[in-house]
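First up is the structure itself, then whatever we jot down about it.
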Number of protein chains: 4
Amino acid sequence: MCRWIAYSGEPIFLEELIAEPKNSLLAQSLHASESKAETNGDGFGFGWYAHRKEPGHYRDILPAWNDENLRSLSRQIRSPMFFSHVRASTGTATNRSNCHPFVQGRWMFMHNGQVGSYPLVRRRLESLIPDNLYCERIGTTDSEALFLAACGKGLNEDPFGAICATIDDILDIMEQAAISEPLRFTAAFADGDDIYAFRYSSDDLAPSLYHCQEKDCLLIVSEPLDEGKHDWQAVPKGHAIIGNGREGGPLIKEMRLRQRAPISQSVNQK
Amino acid sequence: MCRWIAYSGEPIFLEELIAEPKNSLLAQSLHASESKAETNGDGFGFGWYAHRKEPGHYRDILPAWNDENLRSLSRQIRSPMFFSHVRASTGTATNRSNCHPFVQGRWMFMHNGQVGSYPLVRRRLESLIPDNLYCERIGTTDSEALFLAACGKGLNEDPFGAICATIDDILDIMEQAAISEPLRFTAAFADGDDIYAFRYSSDDLAPSLYHCQEKDCLLIVSEPLDEGKHDWQAVPKGHAIIGNGREGGPLIKEMRLRQRAPISQSVNQK
Amino acid sequence: MCRWIAYSGEPIFLEELIAEPKNSLLAQSLHASESKAETNGDGFGFGWYAHRKEPGHYRDILPAWNDENLRSLSRQIRSPMFFSHVRASTGTATNRSNCHPFVQGRWMFMHNGQVGSYPLVRRRLESLIPDNLYCERIGTTDSEALFLAACGKGLNEDPFGAICATIDDILDIMEQAAISEPLRFTAAFADGDDIYAFRYSSDDLAPSLYHCQEKDCLLIVSEPLDEGKHDWQAVPKGHAIIGNGREGGPLIKEMRLRQRAPISQSVNQK
Amino acid sequence: MCRWIAYSGEPIFLEELIAEPKNSLLAQSLHASESKAETNGDGFGFGWYAHRKEPGHYRDILPAWNDENLRSLSRQIRSPMFFSHVRASTGTATNRSNCHPFVQGRWMFMHNGQVGSYPLVRRRLESLIPDNLYCERIGTTDSEALFLAACGKGLNEDPFGAICATIDDILDIMEQAAISEPLRFTAAFADGDDIYAFRYSSDDLAPSLYHCQEKDCLLIVSEPLDEGKHDWQAVPKGHAIIGNGREGGPLIKEMRLRQRAPISQSVNQK
């Protein structure tokens with residue numbers, strides 16, 4: 001499992017969330033509080049919107065706490081909308097192509113979770129990627145496959161619908177393959193205008209997700225970055241949160257996806 | 001395009017081929033003589049047989065000339081059979097998962113060449129990988145896909161036949177997709193007992209390949225490592241060379257694969 | 001030897017110099033035209049001024065041509081003053097701490113050249129670094145030592161004077177140690193307001209340096225980025241060029257440092 | 001702080017200690033039990049004696065748990081004497097040049113500990129390195145400086161004496177600089193014949209060190225690799241242990257270095 005942050009609002013330096021808070025993303029890379037994996041040291045990345053339609057993109061394989069470039073870049077780059085992610089691999093290799101966020105056109109995507117028994121269904125999961133996007137698959141993660149599948153499912157036209165439909169397709173695949181492991185999906189998409197963040201699991205143990213709306217910004221995070229300073233609200237399981245921090249509060253929307261009965265052997269996974 | 005060396009015979013230190021000759025593989029990483037790409041700086045690797053059935057494996061993404069680990073390891077490791085490869089990427093990412101050699105069970109594989117218009121036929125090429133090996137695909141290169149496809153085609157039972165059949169399948173795919181770019185394949189496989197090296201192209205511009213049989217060893221290389229010191233023989237186009245250096249000279253065998261008429265726009269490619 | 005570019009003027013995207021021109025810095029990393037070392041693949045870096053007094057900083061050890069982060073960052077980051085450098089190591093290790101530019105407070109520095117027989121005079125060269133800056137030495141290059149020595153020589157108060165005095169000190173050290181190799185120094189400093197670039201060698205073979213002043217910008221480069229598009233002027237040997245592109249043309253100033261007779265065995269080195 | 005293992009005895013595969021035990025060095029890189037730093041993810045390395053007088057050497061900057069090369073190399077390389085180390089940086093950069101073990105001629109060295117307030121005494125510590133070895137300093141750690149200083153103090157002639165004398169010199173330097181932080185030194189040297197391991201601190205909180213002598217081997221480790229399987233003995237504080245596993249039990253020898261009164265603010269550090 002991984003940890004991530006998403007921001008939209010008045011431009012701020014990336015380090016204000018990545019490096020400065022007590023429980024910053026850098027701190028979480030070494031010691032996450034609410035994660036199954038305490039150490040999120042298998043690479044990291046950030047993506048941000050600036051002067052172009054498509055986001056910029058920086059990913060590397062060192063632990064985030066160890067990357068001096070990350071410190072300098074996040075201290076200099078300001079953005080009104082950015083993502084950052086620290087990775088705890090669930091099995092795929094530690095290389096840049098497998099680090100989040102992933103970028104496709106003006107969209108970016110990051111994910112905390114996993115498709116249960118991914119090695120068994122990888123081929124079928126990849127079959128959801130349309131031909132014209134298949135050459136854009138440069139890594140081997142379930143996350144990237146899911147992202148490209150969603151792109152092919154109408155992400156530009158109806159983001160919320162495309163993502164729910166993609167998850168539904170994956171649930172079909174997992175059922176056909178008789179996978180008992182859950183599909184866990186706490187993830188965020190952005191297109192430069194809005195953030196779409198999701199908290200879902202096919203069992204009842206969806207990874208943790210919080211948001212905080214203030215007068216000019218929206219923060220969505222795997223776990224609170226500080227205690228007391230912000231009013232963190234847990235995103236309800238099975239819901240998405242959509243917003244940009246500038247135009248009123250975010251929309252919270254139910255995902256209406258099937259859910260399986262909790263699988264008893266699952267460990268608690270935030 | 002890339003450069004590689006393969007050795008079988010009395011155990012020698014890897015550095016005797018990787019670092020010491022005038023035109024060593026290290027030297028070729030910076031300035032190859034007979035390669036389309038003069039600089040082969042997009043990663044490197046070696047694999048070797050020692051105390052186990054399966055080979056050991058070291059790959060990294062720095063240029064070979066810059067890797068102090070490569071110098072120290074190749075100075076200490078002795079082996080009766082090893083491969084080493086320096087990479088000039090033909091488009092896929094520079095990460096360890098895409099560096100050669102690839103290892104599967106007791107087999108290892110490395111490749112200089114490419115499947116023409118790979119992005120257009122990647123999906124069909126991957127469909128040649130059997131289900132039980134698909135989870136072993138950890139990179140995204142055409143080379144790894146081709147290797148896993150060959151593993152599924154009976155590499156253990158009839159190596160020469162399995163490889164020719166795999167190439168034949170890929171030629172089918174390329175024809176169906178109306179790809180005019182050639183399939184170039186100068187590659188080596190080993191299983192710990194023998195080396196199987198191939199020099200083939202679907203046009204008449206197969207990348208260069210040389211061998212040298214001495215009393216107790218067989219060397220197969222992309223380009224001669226020195227002038228005068230060894231008696232380098234060009235491997236004929238469309239032929240494979242099979243041997244281990246210890247049991248008489250190598251077998252040279254025609255591949256009997258279809259060949260297309262030379263494509264005029266192709267540049268000379270060694 | 002290395003290649004570098006320096007820019008001051010209206011804000012532009014870094015990629016406009018790093019990636020886009022025919023002979024961009026990326027192109028020079030693989031094939032430099034006027035450099036002793038054709039391949040500049042031993043790391044790279046850039047530094048830029050944006051929203052803070054001190055510059056941002058990105059350095060990595062892959063060849064520049066291979067770094068996808070460099071492409072994305074330079075496509076998104078705009079700056080009115082930036083440096084970028086591709087490295088061909090003259091002996092010290094390839095790690096981030098040895099990549100240029102170096103940053104100290106609001107200053108940044110990059111260098112193409114070398115202190116002849118550096119291993120023999122390294123200790124004495126380091127003795128020029130003042131105590132309070134010695135803990136800022138995080139790499140082992142002659143370049144970083146020279147930079148920190150200049151910082152201690154009054155770089156803030158009189159940049160041109162501090163640099164000439166530092167070089168003079170190093171020439172003393174080299175003479176005392178009877179070093180016959182030259183001191184070559186084609187380098188640039190910036191403090192956010194102005195660029196100070198130098199072309200000097202203790203023999204008559206100073207590495208190449210060009211500049212181009214246009215109406216709103218000043219470019220200083222190891223070699224022209226294109227033919228015809230800009231009016232590139234060679235900086236005379238033994239001279240510095242000082243400017244920022246906005247306030248009239250740059251100042252060209254003689255360095256007035258001693259020079260030794262050309263050493264016959266030196267090869268031409270641009 | 002760091003974790004390490006040292007082995008001498010019948011040749012074994014490195015993975016038998018690095019990867020296989022329950023509390024293997026790989027496991028300790030992610031979760032050390034007895035270390036101040038739970039995560040030892042700032043690089044790693046191993047060194048081993050094989051066919052040459054000088055040891056081989058592999059170091060890299062990823063966390064050990066993430067390095068597929070480490071797994072394959074340690075599975076294939078057998079050695080009668082080897083070191084391996086996982087690093088938790090105490091301030092210096094994460095690059096290969098700063099990873100342990102360090103190699104000098106036939107000696108190798110690794111260290112868990114630190115010279116208190118190193119940035120304040122670095123220059124004086126480096127002054128202990130003799131001129132002829134100064135060019136061998138390729139990193140910036142206190143550990144490497146200490147190693148090179150010991151090499152210059154007669155490591156070849158009287159290893160135990162040279163190391164104690166070097167520590168004594170450093171204690172002098174720290175006293176002169178009025179450093180209140182302790183000097184902690186739990187370290188191992190080897191020359192291919194014997195291992196010399198030390199457990200010392202200038203306060204009473206020497207980092208943990210254990211050994212285990214069996215019929216044909218000697219293991220010395222930061223913390224036990226398993227419970228019950230071996231008879232681990234704590235090395236007494238202020239003592240060295242010298243041996244090679246083949247010629248009877250190891251020698252345990254008092255270091256007889258001055259010790260300062262425990263500094264109250266020091267936290268327990270194993």
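In the structure tokens, the first chain shown is A, the next is B, and so on; residue numbers restart at 1 for each chain, and ligands run from 1 in the order shown.
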Test item: chain C residues at most 7 Å from chain B, counting only C-alpha atoms, as a PyMOL selection string: chain C and resi 62+66+94
Spatial neighbours of stretch 248-256 of chain B, 12 Å, only C-alpha atoms, chain gap at least 4 places, as a ChimeraX atom specification: /B:8-9,160-168,185,194-202,211-220,233-244
Kindly save the residues from that selection, with N, CA and C atoms included, as a tab-separated table (two decimals), in the first residue's frame.
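Now in out_15.tsv:
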chain	number	residue	atom	x	y	z
B	8	SER	N	31.65	-19.60	-23.46
B	8	SER	CA	31.56	-20.93	-22.84
B	8	SER	C	32.93	-21.59	-22.94
B	9	GLY	N	33.35	-22.22	-21.86
B	9	GLY	CA	34.66	-22.89	-21.90
B	9	GLY	C	35.23	-23.01	-20.50
B	160	PHE	N	16.61	-24.96	-30.74
B	160	PHE	CA	16.71	-24.38	-32.08
B	160	PHE	C	15.33	-24.30	-32.74
B	161	GLY	N	14.58	-25.36	-32.63
B	161	GLY	CA	13.25	-25.38	-33.24
B	161	GLY	C	12.30	-24.38	-32.60
B	162	ALA	N	12.37	-24.29	-31.29
B	162	ALA	CA	11.45	-23.38	-30.59
B	162	ALA	C	11.71	-21.94	-30.98
B	163	ILE	N	12.98	-21.61	-31.14
B	163	ILE	CA	13.31	-20.22	-31.46
B	163	ILE	C	12.90	-19.90	-32.90
B	164	CYS	N	13.20	-20.80	-33.81
B	164	CYS	CA	12.79	-20.56	-35.20
B	164	CYS	C	11.27	-20.46	-35.29
B	165	ALA	N	10.58	-21.31	-34.55
B	165	ALA	CA	9.11	-21.27	-34.61
B	165	ALA	C	8.58	-19.97	-34.03
B	166	THR	N	9.22	-19.48	-33.00
B	166	THR	CA	8.78	-18.21	-32.40
B	166	THR	C	8.98	-17.06	-33.38
B	167	ILE	N	10.12	-17.05	-34.03
B	167	ILE	CA	10.37	-15.99	-35.02
B	167	ILE	C	9.36	-16.09	-36.16
B	168	ASP	N	9.08	-17.31	-36.54
B	168	ASP	CA	8.10	-17.51	-37.61
B	168	ASP	C	6.74	-16.95	-37.20
B	185	PHE	N	17.21	-9.89	-35.48
B	185	PHE	CA	17.33	-10.79	-34.33
B	185	PHE	C	18.72	-11.39	-34.31
B	194	ASP	N	24.77	-25.41	-23.14
B	194	ASP	CA	25.16	-24.94	-24.47
B	194	ASP	C	24.68	-23.51	-24.70
B	195	ILE	N	25.36	-22.87	-25.66
B	195	ILE	CA	24.92	-21.56	-26.14
B	195	ILE	C	24.29	-21.74	-27.51
B	196	TYR	N	23.16	-21.06	-27.71
B	196	TYR	CA	22.51	-21.03	-29.01
B	196	TYR	C	22.47	-19.57	-29.46
B	197	ALA	N	23.25	-19.26	-30.49
B	197	ALA	CA	23.29	-17.87	-30.95
B	197	ALA	C	22.76	-17.78	-32.37
B	198	PHE	N	22.05	-16.71	-32.66
B	198	PHE	CA	21.34	-16.56	-33.93
B	198	PHE	C	21.69	-15.25	-34.60
B	199	ARG	N	21.80	-15.33	-35.92
B	199	ARG	CA	21.97	-14.09	-36.70
B	199	ARG	C	20.97	-14.10	-37.83
B	200	TYR	N	19.94	-13.34	-37.64
B	200	TYR	CA	18.86	-13.35	-38.61
B	200	TYR	C	18.30	-11.95	-38.79
B	201	SER	N	17.87	-11.65	-39.99
B	201	SER	CA	17.01	-10.49	-40.19
B	201	SER	C	16.04	-10.81	-41.32
B	202	SER	N	14.84	-10.25	-41.23
B	202	SER	CA	13.87	-10.51	-42.30
B	202	SER	C	14.23	-9.73	-43.56
B	211	HIS	N	32.20	-15.33	-34.28
B	211	HIS	CA	32.53	-16.30	-33.26
B	211	HIS	C	34.01	-16.66	-33.39
B	212	CYS	N	34.48	-17.30	-32.37
B	212	CYS	CA	35.86	-17.74	-32.34
B	212	CYS	C	35.93	-18.97	-31.46
B	213	GLN	N	36.35	-20.08	-32.07
B	213	GLN	CA	36.47	-21.34	-31.33
B	213	GLN	C	37.96	-21.56	-31.07
B	214	GLU	N	38.32	-21.69	-29.82
B	214	GLU	CA	39.70	-22.05	-29.50
B	214	GLU	C	39.70	-23.40	-28.81
B	215	LYS	N	40.86	-23.82	-28.37
B	215	LYS	CA	40.91	-25.22	-27.95
B	215	LYS	C	39.95	-25.54	-26.80
B	216	ASP	N	39.74	-24.59	-25.92
B	216	ASP	CA	38.88	-24.90	-24.77
B	216	ASP	C	37.74	-23.91	-24.56
B	217	CYS	N	37.47	-23.13	-25.58
B	217	CYS	CA	36.39	-22.16	-25.36
B	217	CYS	C	35.77	-21.69	-26.67
B	218	LEU	N	34.54	-21.23	-26.54
B	218	LEU	CA	33.80	-20.64	-27.65
B	218	LEU	C	33.38	-19.23	-27.27
B	219	LEU	N	33.74	-18.27	-28.10
B	219	LEU	CA	33.30	-16.89	-27.91
B	219	LEU	C	32.37	-16.50	-29.05
B	220	ILE	N	31.28	-15.85	-28.71
B	220	ILE	CA	30.37	-15.33	-29.73
B	220	ILE	C	30.11	-13.87	-29.36
B	233	GLN	N	35.52	-15.20	-36.79
B	233	GLN	CA	34.79	-15.60	-38.00
B	233	GLN	C	33.40	-14.99	-37.97
B	234	ALA	N	32.99	-14.38	-39.06
B	234	ALA	CA	31.62	-13.89	-39.12
B	234	ALA	C	30.65	-15.08	-39.17
B	235	VAL	N	29.61	-15.03	-38.39
B	235	VAL	CA	28.54	-16.03	-38.50
B	235	VAL	C	27.72	-15.66	-39.73
B	236	PRO	N	27.44	-16.62	-40.62
B	236	PRO	CA	26.68	-16.26	-41.83
B	236	PRO	C	25.27	-15.80	-41.47
B	237	LYS	N	24.77	-14.86	-42.26
B	237	LYS	CA	23.38	-14.41	-42.07
B	237	LYS	C	22.42	-15.59	-42.16
B	238	GLY	N	21.38	-15.54	-41.36
B	238	GLY	CA	20.36	-16.59	-41.41
B	238	GLY	C	20.80	-17.90	-40.81
B	239	HIS	N	21.85	-17.84	-40.00
B	239	HIS	CA	22.36	-19.07	-39.39
B	239	HIS	C	22.43	-18.94	-37.86
B	240	ALA	N	22.39	-20.11	-37.25
B	240	ALA	CA	22.60	-20.19	-35.81
B	240	ALA	C	23.92	-20.90	-35.56
B	241	ILE	N	24.47	-20.64	-34.38
B	241	ILE	CA	25.69	-21.32	-33.98
B	241	ILE	C	25.46	-21.88	-32.59
B	242	ILE	N	25.78	-23.16	-32.44
B	242	ILE	CA	25.44	-23.88	-31.21
B	242	ILE	C	26.69	-24.57	-30.71
B	243	GLY	N	27.01	-24.38	-29.44
B	243	GLY	CA	28.19	-25.05	-28.92
B	243	GLY	C	28.48	-24.67	-27.49
B	244	ASN	N	29.55	-25.27	-26.96
B	244	ASN	CA	29.93	-24.94	-25.59
B	244	ASN	C	31.45	-24.83	-25.42
Near D:Asp131, within 12 Å and counting only C-alpha atoms, which residues show up once chain neighbours fewer than 2 positions away are dropped, as an NGL selection string? (:C and (119-124)) or (:D and (126-129 or 133-137 or 148-149 or 151-152))
As an exercise, work out the distance from atom CA of A:Met174 to atom CA of A:Tyr118 in Å and give it to one decimal place. 9.1 Å
Once DSSP has gone over the backbone, tell me which residues of stretch 5-154 of chain B are in strand (DSSP E), as JSON, numbers by chain. {"B": [5, 6, 7, 8, 9, 10, 11, 12, 13, 44, 45, 46, 47, 48, 49, 56, 57, 58, 59, 60, 78, 79, 80, 81, 82, 83, 84, 85, 86, 102, 103, 104, 107, 108, 109, 110, 111, 112, 113, 114, 115]}
Could you write those residues out with C-alpha atoms, as an mmCIF file, in the first residue's frame?
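Below is the file part.cif, written as the result:
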data_model
loop_
_atom_site.group_PDB
_atom_site.id
_atom_site.type_symbol
_atom_site.label_atom_id
_atom_site.label_comp_id
_atom_site.auth_asym_id
_atom_site.auth_seq_id
_atom_site.Cartn_x
_atom_site.Cartn_y
_atom_site.Cartn_z
ATOM 1 C CA ILE B 5 29.306 -11.179 -25.752
ATOM 2 C CA ALA B 6 28.753 -14.845 -24.896
ATOM 3 C CA TYR B 7 31.371 -17.216 -23.513
ATOM 4 C CA SER B 8 31.565 -20.930 -22.844
ATOM 5 C CA GLY B 9 34.658 -22.887 -21.895
ATOM 6 C CA GLU B 10 37.205 -23.093 -19.124
ATOM 7 C CA PRO B 11 36.185 -20.801 -16.274
ATOM 8 C CA ILE B 12 37.555 -17.284 -16.742
ATOM 9 C CA PHE B 13 37.010 -14.005 -14.952
ATOM 10 C CA PHE B 44 23.792 -3.177 -19.264
ATOM 11 C CA GLY B 45 23.840 -6.566 -17.627
ATOM 12 C CA PHE B 46 25.516 -9.892 -17.269
ATOM 13 C CA GLY B 47 24.384 -13.382 -16.385
ATOM 14 C CA TRP B 48 26.542 -16.336 -15.441
ATOM 15 C CA TYR B 49 26.409 -19.965 -14.416
ATOM 16 C CA GLY B 56 23.012 -15.366 -11.619
ATOM 17 C CA HIS B 57 22.008 -11.997 -12.861
ATOM 18 C CA TYR B 58 23.217 -8.418 -12.567
ATOM 19 C CA ARG B 59 21.624 -5.548 -14.461
ATOM 20 C CA ASP B 60 21.714 -1.815 -14.018
ATOM 21 C CA ARG B 78 34.685 -16.578 -12.658
ATOM 22 C CA SER B 79 32.433 -18.676 -14.766
ATOM 23 C CA PRO B 80 32.500 -21.363 -17.439
ATOM 24 C CA MET B 81 29.516 -19.800 -19.208
ATOM 25 C CA PHE B 82 28.360 -16.192 -19.187
ATOM 26 C CA PHE B 83 26.637 -13.476 -21.194
ATOM 27 C CA SER B 84 27.058 -9.731 -21.055
ATOM 28 C CA HIS B 85 25.147 -7.004 -22.876
ATOM 29 C CA VAL B 86 25.263 -3.217 -23.298
ATOM 30 C CA PHE B 102 16.728 -11.973 -19.184
ATOM 31 C CA VAL B 103 16.546 -15.083 -17.029
ATOM 32 C CA GLN B 104 13.848 -17.740 -16.918
ATOM 33 C CA TRP B 107 17.707 -20.232 -19.386
ATOM 34 C CA MET B 108 19.104 -16.825 -20.091
ATOM 35 C CA PHE B 109 18.674 -14.667 -23.166
ATOM 36 C CA MET B 110 19.983 -11.469 -24.702
ATOM 37 C CA HIS B 111 19.190 -9.726 -27.923
ATOM 38 C CA ASN B 112 20.527 -7.186 -30.367
ATOM 39 C CA GLY B 113 17.839 -6.214 -32.817
ATOM 40 C CA GLN B 114 14.206 -5.327 -32.755
ATOM 41 C CA VAL B 115 10.747 -6.231 -33.878
#
Which residues in stretch 46-266 of chain C does DSSP call alpha helix (DSSP H)? List them as a ChimeraX atom specification. /C:68-76,118-126,131-134,142-151,159-176
To one decimal place, how far is atom CA of C:Arg87 from atom CA of C:Ala37 in Å?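 Distance reported for this atom pair: 9.6 Å.
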Can you list, as a VMD selection string, every protein, DNA or RNA residue that comes within 7 Å of D:Ile77 when you count only C-alpha atoms, leaving out same-chain residues fewer than 3 positions away? chain D and resid 13 to 14 73 to 74
Write the residues you've just listed into a file as a short mmCIF file (atom, residue, chain, number, x, y, z; two decimals), in the first residue's frame, and include N, CA and C atoms for each of them.
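Saved file result-v7.cif follows:
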data_model
loop_
_atom_site.label_atom_id
_atom_site.label_comp_id
_atom_site.auth_asym_id
_atom_site.auth_seq_id
_atom_site.Cartn_x
_atom_site.Cartn_y
_atom_site.Cartn_z
N PHE D 13 26.98 -19.56 0.60
CA PHE D 13 26.36 -18.53 -0.24
C PHE D 13 26.03 -17.31 0.63
N LEU D 14 26.25 -16.15 0.08
CA LEU D 14 25.98 -14.93 0.84
C LEU D 14 24.52 -14.86 1.28
N LEU D 73 22.81 -11.87 -6.85
CA LEU D 73 24.25 -11.99 -6.58
C LEU D 73 24.49 -12.81 -5.31
N SER D 74 23.73 -12.53 -4.27
CA SER D 74 23.98 -13.22 -3.00
C SER D 74 23.56 -14.69 -3.07
#
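Atom CA of D:Ser33 is positioned 13.4 Å from atom CA of D:Tyr210.
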